[in-house]
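**Student:** What follows is target_36.txt, compact mmCIF, C-alpha atoms and all ligand atoms.
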```
# COMPACT_ATOMS: atom_id res chain seq x y z
CA MET A 295 43.25 -4.57 15.66
CA THR A 296 41.59 -1.96 13.45
CA THR A 297 38.01 -0.99 14.23
CA ALA A 298 36.01 0.66 11.44
CA ILE A 299 33.51 3.31 12.54
CA LEU A 300 30.99 3.65 9.75
CA SER A 301 28.15 6.16 9.24
CA ALA A 302 25.97 7.05 6.30
CA LEU A 303 26.13 10.85 6.60
CA PRO A 304 28.76 13.29 7.94
CA GLU A 305 26.37 14.53 10.65
CA GLU A 306 26.13 10.97 11.99
CA GLN A 307 29.93 10.76 12.20
CA GLY A 308 29.98 13.81 14.50
CA GLY A 309 33.41 15.24 15.26
CA LEU A 310 35.25 11.91 15.10
CA VAL A 311 37.46 12.93 12.15
CA GLN A 312 38.56 16.08 13.97
CA ALA A 313 39.34 14.05 17.10
CA LEU A 314 41.52 11.57 15.19
CA GLU A 315 45.27 11.59 16.03
CA GLN A 316 47.96 10.78 13.40
CA ARG A 317 45.24 10.93 10.80
CA GLU A 318 45.68 9.91 7.17
CA GLN A 319 43.11 10.23 4.42
CA PHE A 320 42.38 7.56 1.80
CA GLN A 321 40.09 7.70 -1.21
CA TYR A 322 38.67 4.60 -2.79
CA ALA A 323 35.50 3.68 -4.73
CA GLY A 324 34.37 7.31 -4.63
CA ARG A 325 34.55 7.45 -0.85
CA VAL A 326 36.82 9.25 1.61
CA PHE A 327 38.19 7.31 4.58
CA TRP A 328 40.35 8.39 7.52
CA ARG A 329 42.73 6.20 9.46
CA GLY A 330 44.26 7.21 12.78
CA ARG A 331 44.20 6.76 16.54
CA LEU A 332 41.18 7.50 18.67
CA HIS A 333 41.08 6.95 22.43
CA GLY A 334 44.08 4.64 22.22
CA GLN A 335 42.68 2.47 19.39
CA THR A 336 43.51 2.21 15.70
CA VAL A 337 40.39 3.16 13.77
CA VAL A 338 39.23 3.75 10.21
CA LEU A 339 36.36 6.19 9.78
CA GLY A 340 34.11 5.83 6.75
CA LEU A 341 31.02 7.40 5.24
CA SER A 342 28.89 5.09 3.16
CA GLY A 343 26.21 7.40 1.87
CA ILE A 344 22.58 6.35 2.12
CA GLY A 345 21.12 2.95 1.28
CA LYS A 346 21.96 -0.73 1.41
CA VAL A 347 24.11 -0.97 -1.73
CA ALA A 348 26.23 2.05 -0.76
CA ALA A 349 26.66 0.60 2.73
CA ALA A 350 27.60 -2.86 1.43
CA THR A 351 30.19 -1.44 -0.98
CA THR A 352 31.74 0.60 1.81
CA ALA A 353 31.87 -2.36 4.18
CA VAL A 354 33.72 -4.43 1.55
CA VAL A 355 36.24 -1.63 1.03
CA LEU A 356 36.80 -1.41 4.79
CA PHE A 357 37.70 -5.11 4.94
CA GLU A 358 39.51 -5.56 1.63
CA ARG A 359 41.45 -2.30 1.31
CA LEU A 360 41.69 -0.74 4.74
CA GLY A 361 42.39 -3.68 7.01
CA ALA A 362 39.31 -3.32 9.22
CA GLN A 363 38.75 -6.29 11.49
CA ARG A 364 35.33 -5.26 12.70
CA ILE A 365 32.71 -2.63 11.96
CA VAL A 366 30.72 -0.45 14.32
CA PHE A 367 27.96 1.59 12.72
CA THR A 368 26.87 4.86 14.31
CA GLY A 369 23.91 6.81 12.98
CA VAL A 370 20.26 7.71 13.35
CA ALA A 371 17.05 5.74 12.80
CA GLY A 372 13.30 6.10 12.87
CA GLY A 373 11.67 4.72 16.02
CA MET A 374 9.13 1.95 15.45
CA GLY A 375 8.84 0.00 18.69
CA GLU A 376 6.45 1.09 21.39
CA GLY A 377 8.20 3.52 23.72
CA VAL A 378 11.14 4.08 21.34
CA GLN A 379 11.18 7.87 21.29
CA VAL A 380 13.17 10.63 19.63
CA GLY A 381 16.41 11.05 21.58
CA ASP A 382 16.48 7.38 22.68
CA VAL A 383 19.23 5.04 21.53
CA VAL A 384 18.83 1.57 20.05
CA ILE A 385 21.67 -0.95 20.12
CA ALA A 386 21.00 -3.60 17.48
CA THR A 387 20.97 -7.26 18.43
CA GLN A 388 19.85 -8.37 14.93
CA PHE A 389 19.16 -6.87 11.52
CA LEU A 390 16.54 -7.73 8.90
CA GLN A 391 16.02 -6.28 5.39
CA HIS A 392 12.37 -5.24 5.49
CA ASP A 393 12.23 -4.82 1.69
CA MET A 394 13.61 -8.31 0.95
CA ASP A 395 10.81 -10.33 -0.65
CA ALA A 396 11.65 -13.27 -2.92
CA SER A 397 8.34 -14.98 -2.10
CA PRO A 398 6.89 -17.35 -3.10
CA ILE A 399 10.25 -18.87 -4.04
CA PHE A 400 11.68 -18.11 -0.58
CA PRO A 401 9.84 -17.19 2.62
CA ARG A 402 9.19 -13.46 3.05
CA TRP A 403 12.31 -11.59 4.35
CA GLU A 404 14.57 -14.63 3.92
CA VAL A 405 17.82 -13.67 2.22
CA PRO A 406 18.16 -16.15 -0.65
CA GLY A 407 21.18 -18.39 -0.26
CA TYR A 408 21.55 -17.70 3.46
CA GLY A 409 18.53 -19.58 4.83
CA CYS A 410 17.79 -16.84 7.37
CA THR A 411 15.87 -13.58 7.70
CA GLN A 412 18.07 -11.96 10.35
CA PHE A 413 21.79 -11.35 10.84
CA ALA A 414 23.01 -11.20 14.43
CA CYS A 415 25.31 -8.55 15.86
CA ASP A 416 28.38 -9.38 17.90
CA PRO A 417 27.30 -9.68 21.56
CA GLU A 418 30.57 -8.40 23.08
CA LEU A 419 30.79 -5.29 20.93
CA SER A 420 27.07 -4.65 21.45
CA THR A 421 27.47 -4.90 25.23
CA LEU A 422 30.23 -2.28 25.12
CA LEU A 423 28.07 0.01 22.95
CA PHE A 424 25.14 -0.44 25.34
CA ALA A 425 27.30 0.49 28.35
CA ALA A 426 28.68 3.56 26.54
CA ALA A 427 25.21 4.72 25.46
CA HIS A 428 23.75 4.13 28.91
CA ALA A 429 26.54 6.09 30.58
CA TYR A 430 26.15 8.98 28.12
CA LEU A 431 22.38 9.24 28.50
CA THR A 432 22.59 8.96 32.28
CA ASN A 433 25.07 11.82 32.43
CA THR A 434 23.30 14.12 29.99
CA GLN A 435 19.58 13.50 30.52
CA ALA A 436 18.90 17.11 31.38
CA ASP A 437 20.42 18.48 28.15
CA ILE A 438 18.90 16.20 25.56
CA PRO A 439 15.27 17.30 25.47
CA ARG A 440 16.14 21.01 25.38
CA SER A 441 18.86 20.86 22.77
CA SER A 442 16.93 18.58 20.43
CA GLY A 443 14.11 21.08 19.96
CA VAL A 444 11.79 18.07 19.89
CA ALA A 445 8.97 17.84 22.43
CA ARG A 446 10.02 15.27 25.02
CA THR A 447 8.17 14.14 28.08
CA HIS A 448 10.27 11.16 29.07
CA LEU A 449 13.86 10.48 29.94
CA ALA A 450 15.96 9.16 27.08
CA ARG A 451 16.48 5.39 27.22
CA VAL A 452 18.72 2.78 25.64
CA HIS A 453 16.92 -0.14 23.97
CA GLN A 454 18.33 -3.36 22.54
CA GLY A 455 16.69 -5.43 19.82
CA LEU A 456 15.87 -5.85 16.15
CA ILE A 457 16.55 -3.02 13.69
CA VAL A 458 15.14 -3.30 10.18
CA SER A 459 16.71 -1.75 7.07
CA GLY A 460 15.41 -0.99 3.60
CA ASP A 461 15.85 1.41 0.72
CA ARG A 462 12.97 3.63 1.87
CA PHE A 463 12.78 6.61 4.19
CA VAL A 464 9.66 5.68 6.18
CA SER A 465 7.74 8.93 6.45
CA THR A 466 4.09 8.13 7.08
CA LEU A 467 2.42 6.70 10.14
CA ALA A 468 0.43 4.37 7.89
CA GLU A 469 3.59 2.86 6.39
CA SER A 470 5.24 2.55 9.76
CA ILE A 471 2.22 0.77 11.27
CA ALA A 472 1.88 -1.52 8.24
CA LEU A 473 5.56 -2.45 8.38
CA ARG A 474 5.56 -3.01 12.13
CA THR A 475 2.34 -5.04 12.06
CA THR A 476 3.37 -7.27 9.16
CA LEU A 477 6.74 -7.94 10.76
CA ALA A 478 5.19 -8.58 14.19
CA ALA A 479 2.73 -11.09 12.69
CA ALA A 480 5.77 -13.15 11.67
CA GLY A 481 7.44 -12.73 15.07
CA HIS A 482 9.81 -9.87 14.20
CA GLN A 483 9.54 -7.05 16.79
CA ALA A 484 11.23 -4.11 15.09
CA LEU A 485 12.47 -1.33 17.36
CA ALA A 486 13.77 0.99 14.64
CA VAL A 487 14.08 1.43 10.89
CA GLU A 488 16.99 2.77 8.88
CA MET A 489 18.59 2.26 5.47
CA GLU A 490 22.00 0.58 5.85
CA GLY A 491 22.53 -1.69 8.85
CA ALA A 492 21.21 -4.99 7.51
CA ALA A 493 23.42 -4.70 4.43
CA VAL A 494 26.53 -4.15 6.55
CA ALA A 495 25.49 -7.03 8.82
CA GLN A 496 25.25 -9.32 5.77
CA VAL A 497 28.69 -8.29 4.49
CA CYS A 498 30.19 -8.81 7.96
CA SER A 499 28.64 -12.28 8.03
CA ASP A 500 30.14 -13.02 4.59
CA PHE A 501 33.60 -11.96 5.81
CA GLY A 502 33.22 -13.64 9.23
CA LYS A 503 33.84 -10.31 10.99
CA PRO A 504 32.07 -8.87 14.04
CA PHE A 505 29.52 -6.10 13.62
CA ALA A 506 27.67 -3.84 16.05
CA ALA A 507 25.46 -0.81 15.57
CA VAL A 508 24.17 2.10 17.60
CA ARG A 509 21.30 4.19 16.27
CA THR A 510 19.95 7.35 17.86
CA ILE A 511 16.26 7.88 17.22
CA SER A 512 15.82 11.00 15.09
CA ASP A 513 12.10 10.61 14.27
CA ARG A 514 9.20 8.21 14.74
CA ALA A 515 9.04 7.12 11.07
CA ASP A 516 5.66 8.88 10.90
CA ASP A 517 4.09 11.86 9.13
CA SER A 518 6.50 14.33 10.75
CA ALA A 519 9.64 12.21 10.15
CA HIS A 520 10.76 14.50 7.31
CA ILE A 521 10.70 17.49 9.72
CA ASP A 522 12.18 15.76 12.79
CA PHE A 523 14.98 13.98 10.90
CA PRO A 524 16.93 17.03 9.60
CA ARG A 525 16.44 18.97 12.82
CA PHE A 526 17.63 16.14 15.01
CA ILE A 527 20.51 15.08 12.82
CA CYS A 528 21.97 18.61 12.84
CA GLU A 529 21.48 19.44 16.50
CA VAL A 530 21.88 16.22 18.44
CA ALA A 531 23.26 13.33 16.38
CA ARG A 532 26.78 14.75 16.56
CA PRO A 533 27.27 14.73 20.36
CA TYR A 534 25.66 11.30 20.59
CA ALA A 535 28.16 9.89 18.08
CA ASP A 536 31.14 11.59 19.73
CA HIS A 537 30.33 10.45 23.25
CA ILE A 538 29.02 6.96 22.60
CA ILE A 539 31.90 6.01 20.28
CA ALA A 540 34.43 7.53 22.71
CA GLY A 541 32.88 5.52 25.56
CA PHE A 542 32.87 2.38 23.42
CA LEU A 543 36.56 2.69 22.46
CA GLN A 544 37.61 3.46 26.04
CA ARG A 545 35.70 0.44 27.35
CA GLN A 546 37.23 -1.75 24.63
CA LEU A 547 40.70 -0.60 25.70
CA VAL A 548 40.26 -1.51 29.35
CA GLY A 549 38.25 -4.61 28.52
CA VAL A 550 35.13 -3.79 30.57
N1 LIG B 601 16.69 7.00 9.31
C1 LIG B 601 16.23 7.89 10.19
N2 LIG B 601 14.89 7.98 10.15
C2 LIG B 601 14.48 7.11 9.21
C3 LIG B 601 13.21 6.75 8.68
N3 LIG B 601 12.10 7.33 9.13
N4 LIG B 601 13.17 5.81 7.69
C4 LIG B 601 14.30 5.24 7.23
N5 LIG B 601 15.52 5.56 7.68
C5 LIG B 601 15.62 6.48 8.67
```
Please re-express this file's structure in structure tokens.
Ligand code: ADE
**Tutor:**
Amino acid sequence: MTTAILSALPEEQGGLVQALEQREQFQYAGRVFWRGRLHGQTVVLGLSGIGKVAAATTAVVLFERLGAQRIVFTGVAGGMGEGVQVGDVVIATQFLQHDMDASPIFPRWEVPGYGCTQFACDPELSTLLFAAAHAYLTNTQADIPRSSGVARTHLARVHQGLIVSGDRFVSTLAESIALRTTLAAAGHQALAVEMEGAAVAQVCSDFGKPFAAVRTISDRADDSAHIDFPRFICEVARPYADHIIAGFLQRQLVGV
């Protein structure tokens, strides 16, 4: 069973490549992939680059060329839900493309041909990711606020729910509020926004393969998102990826 660990950017992948045993490199479709053993599991590590098309291409390569049987995405996201703060973690239960709009031919956000607006994540993989993230945050609470350099007044938490994706870096409070309010009016309570997950979820649905995603909140998708994002991704995203993915793979191995 080969698990693909996918991220958009190298910082989001942390030190997973360095930790890989018996590692081999592959290049395909302009991307570099690594296959090897990590915490007793066979894994393929991939970097998609930013955006839905890049992510979808990479997911197809993982299934068609590299033998992946499931995909776990690890990366950062902008917090949108109330109480979803920088340094928190969101485990996706569903994904929606917030920039999908084929109305009035199809309802807003519905993916034409699929008859749905959301793609669900695999519950078992998501439960393992949640347990790994919870254990990591519980053990490291004291370190996170200081090392992030971001003002924090609350303890980091793990949330579970809807993540929305689109080909936009959301970097104003006005846009974030508009997006959240419009989605909420239609019953979609978005916890976080990023630029790849929904595309990977759609590809996984096409291939009938399980998908799960963990996103660390790097910014609040507001007017300071462009300052918080690079700072957070350099200083904190790496240990989050290393520890949460390690915890996930170890839990998968012992079946808890
Ligand atoms: N990834 C991290 N922060 C983001 C934001 N504010 N908008 C879109 N993608 C993001």
**Student:** Give me, as a PDB file with C-alpha atoms, keeping the file's coordinate frame, the set of residues whose atoms come within 7 Å of any atom of ligand LIG 601 (chain B), counting all atoms listed in the file.
**Tutor:**
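File written: part05.pdb
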```pdb
ATOM      1  CA  VAL A 370      20.260   7.710  13.350  1.00  0.00           C
ATOM      2  CA  ALA A 371      17.050   5.740  12.800  1.00  0.00           C
ATOM      3  CA  GLY A 372      13.300   6.100  12.870  1.00  0.00           C
ATOM      4  CA  ARG A 462      12.970   3.630   1.870  1.00  0.00           C
ATOM      5  CA  PHE A 463      12.780   6.610   4.190  1.00  0.00           C
ATOM      6  CA  VAL A 464       9.660   5.680   6.180  1.00  0.00           C
ATOM      7  CA  SER A 465       7.740   8.930   6.450  1.00  0.00           C
ATOM      8  CA  VAL A 487      14.080   1.430  10.890  1.00  0.00           C
ATOM      9  CA  GLU A 488      16.990   2.770   8.880  1.00  0.00           C
ATOM     10  CA  MET A 489      18.590   2.260   5.470  1.00  0.00           C
ATOM     11  CA  SER A 512      15.820  11.000  15.090  1.00  0.00           C
ATOM     12  CA  ASP A 513      12.100  10.610  14.270  1.00  0.00           C
ATOM     13  CA  ARG A 514       9.200   8.210  14.740  1.00  0.00           C
ATOM     14  CA  ALA A 515       9.040   7.120  11.070  1.00  0.00           C
ATOM     15  CA  ASP A 516       5.660   8.880  10.900  1.00  0.00           C
ATOM     16  CA  ALA A 519       9.640  12.210  10.150  1.00  0.00           C
ATOM     17  CA  PHE A 523      14.980  13.980  10.900  1.00  0.00           C
TER      18      PHE A 523
END
```
**Student:** Find the distance between atom CA of Arg545 of chain A and atom CA of Ser499 of chain A and write it in Å to one decimal.
**Tutor:** 24.2 Å
**Student:** Please produce, as a tab-separated table, a per-residue contact table for segment 474-519 of chain A versus segment 377-401 of chain A (criterion: any atom at most 7 Å away, only C-alpha atoms considered), showing the nearest atom pair and its distance in Å to one decimal, sorted by chain then residue number.
**Tutor:**
```
residue	atom	partner	partner_atom	distance
A:Leu485	CA	A:Val378	CA	6.8
A:Gly491	CA	A:Phe389	CA	6.7
A:Ala492	CA	A:Phe389	CA	4.9
A:Ala495	CA	A:Phe389	CA	6.9
A:Ala506	CA	A:Ala386	CA	6.8
A:Ala507	CA	A:Ala386	CA	5.6
A:Val508	CA	A:Ile385	CA	4.7
A:Arg509	CA	A:Val384	CA	5.2
A:Thr510	CA	A:Val383	CA	4.4
A:Ile511	CA	A:Val380	CA	4.8
A:Ser512	CA	A:Val380	CA	5.3
A:Asp513	CA	A:Val380	CA	5.5
A:Arg514	CA	A:Val380	CA	6.7
```
**Student:** Could you give me, as a list in words, the residues that sit within 12 Å of (40.6, 8.0, -0.2) in the file's coordinates, counting only C-alpha atoms?
**Tutor:** Glu318, Gln319, Phe320, Gln321, Tyr322, Ala323, Gly324, Arg325, Val326, Phe327, Trp328, Arg329, Val338, Leu339, Gly340, Leu341, Thr352, Val355, Leu356, Arg359 and Leu360 of chain A
**Student:** Between atom CA of Ser301 of chain A and atom CA of Gly343 of chain A, what is the distance, to one decimal in Å?
**Tutor:** 7.7 Å
**Student:** Skip Leu547 of chain A itself and residues of its chain fewer than 3 positions away, then list as a list in words all residues within 9 Å of it, counting all atoms listed in the file.
**Tutor:** His333, Gly334, Gln335, Phe542, Leu543, Gln544 and Val550 of chain A
**Student:** Between atom CA of Asp416 of chain A and atom CA of Thr296 of chain A, what is the spacing in Å?
**Tutor:**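 Calculated distance between atom CA of Thr296 of chain A and atom CA of Asp416 of chain A is 15.8 Å.
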**Student:** For Asp500 of chain A, work out the shell of residues within 10 Å, counting only C-alpha atoms and skipping chain neighbours fewer than 6 positions away, then give it as a ChimeraX atom specification.
**Tutor:** /A:354,408,494
**Student:** From the set A:Val452, A:Ala484, A:Ile344, A:Ala493, which residue has the shortest atom-to-atom contact distance to Phe413 of chain A, counting all atoms listed in the file?
**Tutor:**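 Answer, going by the shortest atom-to-atom distance: A:Ala493.
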**Student:** Tell me which of A:Arg364, A:His520, A:His537, A:Arg331 sits closest to Cys498 of chain A, counting all atoms listed in the file.
**Tutor:**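 Closest candidate: A:Arg364.
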**Student:** Select, from A:Ala348, A:Ala480, A:Ala353, A:Val311, the residue with the minimum atom-to-atom distance to Gly330 of chain A, counting all atoms listed in the file.
**Tutor:**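 Of A:Ala348, A:Ala480, A:Ala353, A:Val311, the one nearest Gly330 of chain A, counting all atoms listed in the file, is A:Val311.
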**Student:** Between A:Leu300, A:Cys415, A:Leu456, A:Ala349, which is the closest to His482 of chain A once you count all atoms listed in the file?
**Tutor:**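 For His482 of chain A, the nearest of the candidates is A:Leu456.
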